file data_17.pdb (PDB, C-alpha atoms)
MODEL        1
ATOM      1  CA  MET A  24     104.910  85.307  85.028
ATOM      2  CA  LEU A  25     107.755  87.707  84.672
ATOM      3  CA  LEU A  26     111.277  86.420  84.732
ATOM      4  CA  PRO A  27     114.105  88.527  86.092
ATOM      5  CA  LEU A  28     115.758  90.776  83.547
ATOM      6  CA  TYR A  29     118.907  91.132  85.642
ATOM      7  CA  GLY A  30     121.541  88.765  86.933
ATOM      8  CA  LEU A  31     122.366  86.746  83.876
ATOM      9  CA  ALA A  32     126.046  87.726  83.682
ATOM     10  CA  GLN A  33     128.409  84.957  84.742
ATOM     11  CA  THR A  34     131.587  85.853  86.607
ATOM     12  CA  MET A  35     134.612  83.847  87.620
ATOM     13  CA  SER A  36     134.338  84.976  91.241
ATOM     14  CA  SER A  37     132.919  82.887  94.050
ATOM     15  CA  ASP A  38     129.215  82.838  94.782
ATOM     16  CA  VAL A  39     129.652  84.624  98.116
ATOM     17  CA  ILE A  40     128.020  88.063  98.184
ATOM     18  CA  GLU A  41     127.668  89.866 101.512
ATOM     19  CA  GLY A  42     128.823  86.719 103.298
ATOM     20  CA  TYR A  43     126.251  84.284 101.857
ATOM     21  CA  THR A  44     126.120  81.896  98.927
ATOM     22  CA  THR A  45     123.023  81.598  96.793
ATOM     23  CA  GLN A  46     122.508  78.049  98.084
ATOM     24  CA  GLN A  47     122.577  79.228 101.723
ATOM     25  CA  ILE A  48     119.854  81.760 100.977
ATOM     26  CA  ALA A  49     117.751  79.203  99.074
ATOM     27  CA  ASP A  50     118.074  76.773 101.983
ATOM     28  CA  ALA A  51     116.436  79.348 104.280
ATOM     29  CA  LEU A  52     113.117  79.091 102.411
ATOM     30  CA  PRO A  53     110.455  76.913 104.070
ATOM     31  CA  LYS A  54     109.206  73.640 102.566
ATOM     32  CA  THR A  55     105.594  74.827 102.901
ATOM     33  CA  LEU A  56     103.934  78.229 102.945
ATOM     34  CA  ASP A  57     100.348  78.446 104.213
ATOM     35  CA  GLY A  58      99.344  75.207 102.518
ATOM     36  CA  LEU A  59     101.476  75.707  99.409
ATOM     37  CA  GLN A  60     104.097  73.023  98.828
ATOM     38  CA  ARG A  61     107.572  73.855  97.586
ATOM     39  CA  ARG A  62     107.620  72.105  94.224
ATOM     40  CA  THR A  63     110.904  73.119  92.637
ATOM     41  CA  VAL A  64     114.186  74.615  93.757
ATOM     42  CA  GLU A  65     116.631  75.584  91.044
ATOM     43  CA  VAL A  66     119.928  77.118  92.194
ATOM     44  CA  VAL A  67     122.481  78.300  89.644
ATOM     45  CA  SER A  68     125.461  79.420  91.706
ATOM     46  CA  ASP A  69     127.511  80.456  88.663
ATOM     47  CA  TYR A  70     124.893  83.117  87.967
ATOM     48  CA  HIS A  71     124.087  83.865  91.646
ATOM     49  CA  THR A  72     120.408  83.003  91.075
ATOM     50  CA  PHE A  73     117.682  80.724  92.290
ATOM     51  CA  GLN A  74     114.031  80.080  91.553
ATOM     52  CA  VAL A  75     111.735  78.377  94.018
ATOM     53  CA  GLU A  76     108.116  77.572  93.202
ATOM     54  CA  TYR A  77     105.330  76.969  95.716
ATOM     55  CA  VAL A  78     102.017  75.582  94.463
ATOM     56  CA  ASP A  79      98.616  74.428  95.627
ATOM     57  CA  PRO A  80      96.752  73.101  92.565
ATOM     58  CA  ALA A  81      93.537  72.576  94.532
ATOM     59  CA  THR A  82      93.172  76.290  95.276
ATOM     60  CA  MET A  83      94.851  77.613  92.110
ATOM     61  CA  ARG A  84      97.537  79.459  94.092
ATOM     62  CA  LYS A  85     101.214  79.782  93.214
ATOM     63  CA  VAL A  86     104.198  81.751  94.500
ATOM     64  CA  LEU A  87     107.452  82.083  92.572
ATOM     65  CA  VAL A  88     110.493  83.251  94.565
ATOM     66  CA  THR A  89     113.527  84.407  92.600
ATOM     67  CA  LEU A  90     116.904  85.697  93.716
ATOM     68  CA  TYR A  91     119.258  87.375  91.255
ATOM     69  CA  THR A  92     121.971  89.997  91.006
ATOM     70  CA  LEU A  93     122.222  93.319  89.286
ATOM     71  CA  PRO A  94     123.887  93.133  85.857
ATOM     72  CA  ALA A  95     127.658  92.915  85.766
ATOM     73  CA  ASP A  96     129.636  96.005  84.876
ATOM     74  CA  ALA A  97     131.924  96.271  81.832
ATOM     75  CA  LYS A  98     134.715  94.472  83.723
ATOM     76  CA  GLY A  99     132.451  91.572  84.690
ATOM     77  CA  ASN A 100     132.106  92.635  88.325
ATOM     78  CA  ILE A 101     128.694  92.170  89.870
ATOM     79  CA  PRO A 102     127.640  95.188  91.925
ATOM     80  CA  VAL A 103     126.119  94.713  95.356
ATOM     81  CA  ALA A 104     122.435  95.694  95.270
ATOM     82  CA  SER A 105     122.101  98.043  98.225
ATOM     83  CA  SER A 106     120.492 101.378  97.410
ATOM     84  CA  ASP A 107     116.991 102.668  96.796
ATOM     85  CA  ARG A 108     118.227 103.554  93.315
ATOM     86  CA  ASP A 109     119.008  99.872  92.674
ATOM     87  CA  LEU A 110     115.524  98.821  93.789
ATOM     88  CA  ASP A 111     113.928 101.594  91.720
ATOM     89  CA  ALA A 112     115.769 100.338  88.628
ATOM     90  CA  VAL A 113     114.592  96.771  89.227
ATOM     91  CA  VAL A 114     110.969  97.853  89.684
ATOM     92  CA  ALA A 115     111.119 100.160  86.649
ATOM     93  CA  SER A 116     112.428  97.279  84.542
ATOM     94  CA  ALA A 117     109.604  94.968  85.687
ATOM     95  CA  GLU A 118     107.017  97.699  85.112
ATOM     96  CA  LYS A 119     108.389  98.379  81.628
ATOM     97  CA  GLU A 120     108.092  94.669  80.773
ATOM     98  CA  MET A 121     104.518  94.532  82.088
ATOM     99  CA  LEU A 122     103.563  97.612  80.076
ATOM    100  CA  ARG A 123     105.203  96.097  76.992
ATOM    101  CA  GLN A 124     102.836  93.155  77.481
ATOM    102  CA  ARG A 125      99.926  95.642  77.781
ATOM    103  CA  ILE A 126      99.539  94.985  81.499
ATOM    104  CA  LYS A 127      99.022  98.151  83.546
ATOM    105  CA  PRO A 128     100.174  97.458  87.098
ATOM    106  CA  GLU A 129      99.498  99.433  90.257
ATOM    107  CA  MET A 130     102.466 100.128  92.506
ATOM    108  CA  LYS A 131     102.347  99.488  96.244
ATOM    109  CA  ASP A 132     104.985  99.578  98.973
ATOM    110  CA  LEU A 133     104.900  96.952 101.699
ATOM    111  CA  ALA A 134     106.753  98.159 104.777
ATOM    112  CA  ILE A 135     106.198  95.914 107.794
ATOM    113  CA  PRO A 136     108.346  95.733 110.963
ATOM    114  CA  ASP A 137     110.863  92.848 110.984
ATOM    115  CA  ALA A 138     110.586  92.373 107.215
ATOM    116  CA  PRO A 139     112.400  93.995 104.313
ATOM    117  CA  ARG A 140     110.556  96.759 102.464
ATOM    118  CA  PHE A 141     109.053  95.428  99.256
ATOM    119  CA  CYS A 142     107.960  97.448  96.257
ATOM    120  CA  CYS A 143     105.122  95.623  94.499
ATOM    121  CA  LEU A 144     103.521  95.836  91.097
ATOM    122  CA  GLN A 145     100.082  94.261  91.095
ATOM    123  CA  THR A 146      97.461  93.661  88.477
ATOM    124  CA  ILE A 147      94.404  91.633  87.579
ATOM    125  CA  MET A 148      94.668  89.825  84.262
ATOM    126  CA  ASN A 149      91.680  88.644  82.243
ATOM    127  CA  GLU A 150      89.408  89.254  85.243
ATOM    128  CA  LYS A 151      90.637  85.941  86.690
ATOM    129  CA  VAL A 152      94.284  86.135  87.701
ATOM    130  CA  VAL A 153      95.705  88.297  90.478
ATOM    131  CA  HIS A 154      99.424  88.726  89.774
ATOM    132  CA  GLN A 155     101.856  90.562  92.040
ATOM    133  CA  VAL A 156     105.565  91.172  91.501
ATOM    134  CA  CYS A 157     107.205  92.264  94.766
ATOM    135  CA  SER A 158     110.898  93.140  94.900
ATOM    136  CA  THR A 159     113.361  93.986  97.639
ATOM    137  CA  LEU A 160     117.115  94.049  98.079
ATOM    138  CA  PHE A 161     118.459  91.153 100.103
ATOM    139  CA  LYS A 162     122.091  90.308 100.954
ATOM    140  CA  GLY A 163     123.442  92.246  97.973
ATOM    141  CA  ARG A 164     120.965  90.713  95.544
ATOM    142  CA  VAL A 165     117.394  91.240  94.362
ATOM    143  CA  LEU A 166     114.720  89.062  95.970
ATOM    144  CA  GLU A 167     111.530  88.907  93.936
ATOM    145  CA  ILE A 168     108.342  87.221  95.111
ATOM    146  CA  GLN A 169     105.458  86.711  92.684
ATOM    147  CA  PRO A 170     102.174  85.494  94.149
ATOM    148  CA  VAL A 171      99.707  84.395  91.458
ATOM    149  CA  THR A 172      96.124  83.489  92.328
ATOM    150  CA  THR A 173      93.298  82.480  90.011
ATOM    151  CA  VAL A 174      89.935  83.683  91.267
ATOM    152  CA  ASN A 175      86.527  82.574  90.028
ATOM    153  CA  ASP A 176      84.424  84.869  92.187
ATOM    154  CA  LYS A 177      86.121  88.229  91.497
ATOM    155  CA  ALA A 178      87.483  88.288  95.047
ATOM    156  CA  TYR A 179      90.443  90.361  93.886
ATOM    157  CA  ALA A 180      90.978  92.330  97.099
ATOM    158  CA  SER A 181      91.225  89.219  99.268
ATOM    159  CA  ALA A 182      93.554  87.529  96.754
ATOM    160  CA  MET A 183      95.822  90.598  96.736
ATOM    161  CA  GLN A 184      95.756  90.713 100.529
ATOM    162  CA  ARG A 185      96.715  87.044 100.694
ATOM    163  CA  GLY A 186      99.557  87.629  98.217
ATOM    164  CA  GLU A 187     100.855  90.511 100.319
ATOM    165  CA  GLU A 188     100.733  88.284 103.412
ATOM    166  CA  TRP A 189     102.857  85.651 101.617
ATOM    167  CA  VAL A 190     105.379  88.301 100.564
ATOM    168  CA  VAL A 191     105.689  89.667 104.107
ATOM    169  CA  LYS A 192     105.874  86.180 105.623
ATOM    170  CA  LEU A 193     108.635  85.071 103.256
ATOM    171  CA  GLY A 194     110.458  88.370 103.825
ATOM    172  CA  LYS A 195     110.385  87.818 107.586
ATOM    173  CA  ILE A 196     111.487  84.188 107.249
ATOM    174  CA  MET A 197     114.408  85.193 105.047
ATOM    175  CA  SER A 198     115.439  88.093 107.292
ATOM    176  CA  ASN A 199     115.391  85.938 110.411
ATOM    177  CA  ALA A 200     117.133  82.949 108.835
ATOM    178  CA  VAL A 201     119.909  84.815 107.015
ATOM    179  CA  LYS A 202     121.231  87.571 109.293
TER     180      LYS A 202
ENDMDL
END

call {"tool": "encode", "arguments": {"input": "data_17.pdb", "output": "structure tokens"}}
result
Amino acid sequence: MLLPLYGLAQTMSSDVIEGYTTQQIADALPKTLDGLQRRTVEVVSDYHTFQVEYVDPATMRKVLVTLYTLPADAKGNIPVASSDRDLDAVVASAEKEMLRQRIKPEMKDLAIPDAPRFCCLQTIMNEKVVHQVCSTLFKGRVLEIQPVTTVNDKAYASAMQRGEEWVVKLGKIMSNAVK
């Protein structure tokens, strides 16, 4: 799985960005997601980040949800992620990392009513693992959702579809819970 390349700069300011703390946003995530159980929640308010993992070992499905900020500027100020340019930079960084690992992703936009627009990179690794990295801007931060599904029957299209459904569902939940 990819880890965020942004948001590791600590600042002395409070954790409130666009009116919400990182913990408030993490608390909006559901305990279950279509049969997947929330296994871990790691919030690091000093860095304005969280990671939440959903798993279902019986079906070999996993979703990693990460929230992080753009890198701090030279003065240590964290910019509010708000423009298409910010999202493009995030996606380009993830794509560059995937290519560095010799993974050639396909890009896909997910634009559904009542959900934030996600830009996704998706790939099939070793003919067994469907991996998607979907990013959007959310409350001044980057929200990244990574569905990962192991398939034994080469049902890649249905696994990708299911991953997209999880991304949209979580996007809608977050948008409705944190307004």

call {"tool": "resolve_selection", "arguments": {"input": "data_17.pdb", "expression": "the PyMOL selection byres ((chain A and resi 72) around 9)", "output": "PyMOL selection string"}}
result
chain A and resi 30-31+45-46+65-71+73-74+89-92+164

call {"tool": "residues_around", "arguments": {"input": "data_17.pdb", "residues": "A:Gly42", "least_positions_apart": "4", "cutoff": "12 Å", "atoms": "only C-alpha atoms", "output": "PyMOL selection string"}}
result
chain A and resi 37-38+46-48+103+161-164+201-202

call {"tool": "closest_residue", "arguments": {"input": "data_17.pdb", "among": "A:Gln60, A:Thr44, A:Ser158, A:Asn199", "to": "A:Asp111", "atoms": "all atoms listed in the file"}}
result
A:Ser158

call {"tool": "resolve_selection", "arguments": {"input": "data_17.pdb", "expression": "the PyMOL selection byres ((chain A and resi 184) around 12)", "output": "PDB file with C-alpha atoms, keeping the file's coordinate frame"}}
result
ATOM      1  CA  LYS A 131     102.347  99.488  96.244  1.00  0.00           C
ATOM      2  CA  LEU A 133     104.900  96.952 101.699  1.00  0.00           C
ATOM      3  CA  GLN A 145     100.082  94.261  91.095  1.00  0.00           C
ATOM      4  CA  VAL A 153      95.705  88.297  90.478  1.00  0.00           C
ATOM      5  CA  HIS A 154      99.424  88.726  89.774  1.00  0.00           C
ATOM      6  CA  GLN A 155     101.856  90.562  92.040  1.00  0.00           C
ATOM      7  CA  PRO A 170     102.174  85.494  94.149  1.00  0.00           C
ATOM      8  CA  VAL A 171      99.707  84.395  91.458  1.00  0.00           C
ATOM      9  CA  THR A 172      96.124  83.489  92.328  1.00  0.00           C
ATOM     10  CA  ALA A 178      87.483  88.288  95.047  1.00  0.00           C
ATOM     11  CA  TYR A 179      90.443  90.361  93.886  1.00  0.00           C
ATOM     12  CA  ALA A 180      90.978  92.330  97.099  1.00  0.00           C
ATOM     13  CA  SER A 181      91.225  89.219  99.268  1.00  0.00           C
ATOM     14  CA  ALA A 182      93.554  87.529  96.754  1.00  0.00           C
ATOM     15  CA  MET A 183      95.822  90.598  96.736  1.00  0.00           C
ATOM     16  CA  ARG A 185      96.715  87.044 100.694  1.00  0.00           C
ATOM     17  CA  GLY A 186      99.557  87.629  98.217  1.00  0.00           C
ATOM     18  CA  GLU A 187     100.855  90.511 100.319  1.00  0.00           C
ATOM     19  CA  GLU A 188     100.733  88.284 103.412  1.00  0.00           C
ATOM     20  CA  TRP A 189     102.857  85.651 101.617  1.00  0.00           C
ATOM     21  CA  VAL A 190     105.379  88.301 100.564  1.00  0.00           C
ATOM     22  CA  VAL A 191     105.689  89.667 104.107  1.00  0.00           C
TER      23      VAL A 191
END

call {"tool": "atom_distance", "arguments": {"input": "data_17.pdb", "atom1": "atom CA of A:Leu144", "atom2": "atom CA of A:Met121"}}
result
9.2 Å

call {"tool": "residues_around", "arguments": {"input": "data_17.pdb", "residues": "A:Glu76", "least_positions_apart": "3", "cutoff": "6 Å", "atoms": "only C-alpha atoms", "output": "PyMOL selection string"}}
result
chain A and resi 61-63+86-87

call {"tool": "closest_residue", "arguments": {"input": "data_17.pdb", "among": "A:Pro102, A:Gly58, A:Pro128, A:Pro139", "to": "A:Asp79", "atoms": "all atoms listed in the file"}}
result
A:Gly58

call {"tool": "closest_residue", "arguments": {"input": "data_17.pdb", "among": "A:Val165, A:Ala95, A:Ile126, A:Leu56", "to": "A:Lys192", "atoms": "only C-alpha atoms"}}
result
A:Leu56

call {"tool": "atom_distance", "arguments": {"input": "data_17.pdb", "atom1": "atom CA of A:Asp109", "atom2": "atom CA of A:Asp50"}}
result
24.9 Å

call {"tool": "atom_distance", "arguments": {"input": "data_17.pdb", "atom1": "atom CA of A:Cys142", "atom2": "atom CA of A:Ile196"}}
result
17.6 Å

call {"tool": "build_atoms", "arguments": {"input": "data_17.pdb", "residues": "stretch 36-61 of chain A", "atoms": "N, CA, C and O atoms", "output": "mmCIF file, in the frame of the given file"}}
result
data_model
loop_
_atom_site.group_PDB
_atom_site.id
_atom_site.type_symbol
_atom_site.label_atom_id
_atom_site.label_comp_id
_atom_site.auth_asym_id
_atom_site.auth_seq_id
_atom_site.Cartn_x
_atom_site.Cartn_y
_atom_site.Cartn_z
ATOM 1 N N SER A 36 134.181 84.859 89.798
ATOM 2 C CA SER A 36 134.338 84.976 91.241
ATOM 3 C C SER A 36 133.466 83.950 91.952
ATOM 4 O O SER A 36 132.600 83.329 91.369
ATOM 5 N N SER A 37 133.711 83.831 93.268
ATOM 6 C CA SER A 37 132.919 82.887 94.050
ATOM 7 C C SER A 37 131.471 83.362 94.143
ATOM 8 O O SER A 37 131.155 84.490 93.796
ATOM 9 N N ASP A 38 130.641 82.518 94.653
ATOM 10 C CA ASP A 38 129.215 82.838 94.782
ATOM 11 C C ASP A 38 128.908 83.583 96.073
ATOM 12 O O ASP A 38 127.762 83.856 96.357
ATOM 13 N N VAL A 39 129.892 83.936 96.852
ATOM 14 C CA VAL A 39 129.652 84.624 98.116
ATOM 15 C C VAL A 39 129.478 86.121 97.861
ATOM 16 O O VAL A 39 130.355 86.779 97.303
ATOM 17 N N ILE A 40 128.304 86.627 98.242
ATOM 18 C CA ILE A 40 128.020 88.063 98.184
ATOM 19 C C ILE A 40 127.465 88.432 99.552
ATOM 20 O O ILE A 40 126.535 87.783 100.040
ATOM 21 N N GLU A 41 128.039 89.441 100.161
ATOM 22 C CA GLU A 41 127.668 89.866 101.512
ATOM 23 C C GLU A 41 127.658 88.700 102.495
ATOM 24 O O GLU A 41 126.803 88.590 103.370
ATOM 25 N N GLY A 42 128.633 87.792 102.329
ATOM 26 C CA GLY A 42 128.823 86.719 103.298
ATOM 27 C C GLY A 42 127.981 85.481 103.099
ATOM 28 O O GLY A 42 128.071 84.535 103.888
ATOM 29 N N TYR A 43 127.140 85.433 102.067
ATOM 30 C CA TYR A 43 126.251 84.284 101.857
ATOM 31 C C TYR A 43 126.322 83.793 100.420
ATOM 32 O O TYR A 43 126.393 84.580 99.479
ATOM 33 N N THR A 44 126.239 82.468 100.267
ATOM 34 C CA THR A 44 126.120 81.896 98.927
ATOM 35 C C THR A 44 124.646 81.861 98.547
ATOM 36 O O THR A 44 123.761 81.938 99.398
ATOM 37 N N THR A 45 124.401 81.705 97.278
ATOM 38 C CA THR A 45 123.023 81.598 96.793
ATOM 39 C C THR A 45 122.344 80.374 97.400
ATOM 40 O O THR A 45 121.174 80.426 97.783
ATOM 41 N N GLN A 46 123.081 79.271 97.518
ATOM 42 C CA GLN A 46 122.508 78.049 98.084
ATOM 43 C C GLN A 46 122.106 78.258 99.543
ATOM 44 O O GLN A 46 121.049 77.795 99.965
ATOM 45 N N GLN A 47 122.919 78.970 100.318
ATOM 46 C CA GLN A 47 122.577 79.228 101.723
ATOM 47 C C GLN A 47 121.271 80.021 101.827
ATOM 48 O O GLN A 47 120.440 79.751 102.697
ATOM 49 N N ILE A 48 121.089 80.963 100.946
ATOM 50 C CA ILE A 48 119.854 81.760 100.977
ATOM 51 C C ILE A 48 118.667 80.894 100.559
ATOM 52 O O ILE A 48 117.609 80.935 101.178
ATOM 53 N N ALA A 49 118.841 80.088 99.527
ATOM 54 C CA ALA A 49 117.751 79.203 99.074
ATOM 55 C C ALA A 49 117.365 78.223 100.175
ATOM 56 O O ALA A 49 116.178 77.923 100.363
ATOM 57 N N ASP A 50 118.347 77.737 100.916
ATOM 58 C CA ASP A 50 118.074 76.773 101.983
ATOM 59 C C ASP A 50 117.242 77.368 103.114
ATOM 60 O O ASP A 50 116.621 76.633 103.887
ATOM 61 N N ALA A 51 117.210 78.690 103.221
ATOM 62 C CA ALA A 51 116.436 79.348 104.280
ATOM 63 C C ALA A 51 114.936 79.355 103.996
ATOM 64 O O ALA A 51 114.131 79.596 104.899
ATOM 65 N N LEU A 52 114.546 79.081 102.756
ATOM 66 C CA LEU A 52 113.117 79.091 102.411
ATOM 67 C C LEU A 52 112.417 77.865 102.990
ATOM 68 O O LEU A 52 112.965 76.762 102.972
ATOM 69 N N PRO A 53 111.182 78.035 103.477
ATOM 70 C CA PRO A 53 110.455 76.913 104.070
ATOM 71 C C PRO A 53 109.992 75.901 103.020
ATOM 72 O O PRO A 53 109.854 76.236 101.842
ATOM 73 N N LYS A 54 109.715 74.685 103.466
ATOM 74 C CA LYS A 54 109.206 73.640 102.566
ATOM 75 C C LYS A 54 107.726 73.858 102.233
ATOM 76 O O LYS A 54 107.255 73.450 101.183
ATOM 77 N N THR A 55 106.999 74.496 103.143
ATOM 78 C CA THR A 55 105.594 74.827 102.901
ATOM 79 C C THR A 55 105.349 76.282 103.276
ATOM 80 O O THR A 55 106.068 76.852 104.089
ATOM 81 N N LEU A 56 104.317 76.845 102.683
ATOM 82 C CA LEU A 56 103.934 78.229 102.945
ATOM 83 C C LEU A 56 102.412 78.298 102.927
ATOM 84 O O LEU A 56 101.797 78.289 101.868
ATOM 85 N N ASP A 57 101.808 78.347 104.094
ATOM 86 C CA ASP A 57 100.348 78.446 104.213
ATOM 87 C C ASP A 57 99.617 77.470 103.288
ATOM 88 O O ASP A 57 98.721 77.857 102.541
ATOM 89 N N GLY A 58 100.011 76.222 103.321
ATOM 90 C CA GLY A 58 99.344 75.207 102.518
ATOM 91 C C GLY A 58 99.935 75.009 101.138
ATOM 92 O O GLY A 58 99.605 74.040 100.456
ATOM 93 N N LEU A 59 100.812 75.882 100.692
ATOM 94 C CA LEU A 59 101.476 75.707 99.409
ATOM 95 C C LEU A 59 102.718 74.845 99.631
ATOM 96 O O LEU A 59 103.454 75.046 100.596
ATOM 97 N N GLN A 60 102.943 73.907 98.741
ATOM 98 C CA GLN A 60 104.097 73.023 98.828
ATOM 99 C C GLN A 60 105.213 73.530 97.919
ATOM 100 O O GLN A 60 104.949 73.947 96.786
ATOM 101 N N ARG A 61 106.431 73.489 98.419
ATOM 102 C CA ARG A 61 107.572 73.855 97.586
ATOM 103 C C ARG A 61 107.734 72.753 96.551
ATOM 104 O O ARG A 61 107.941 71.588 96.885
#
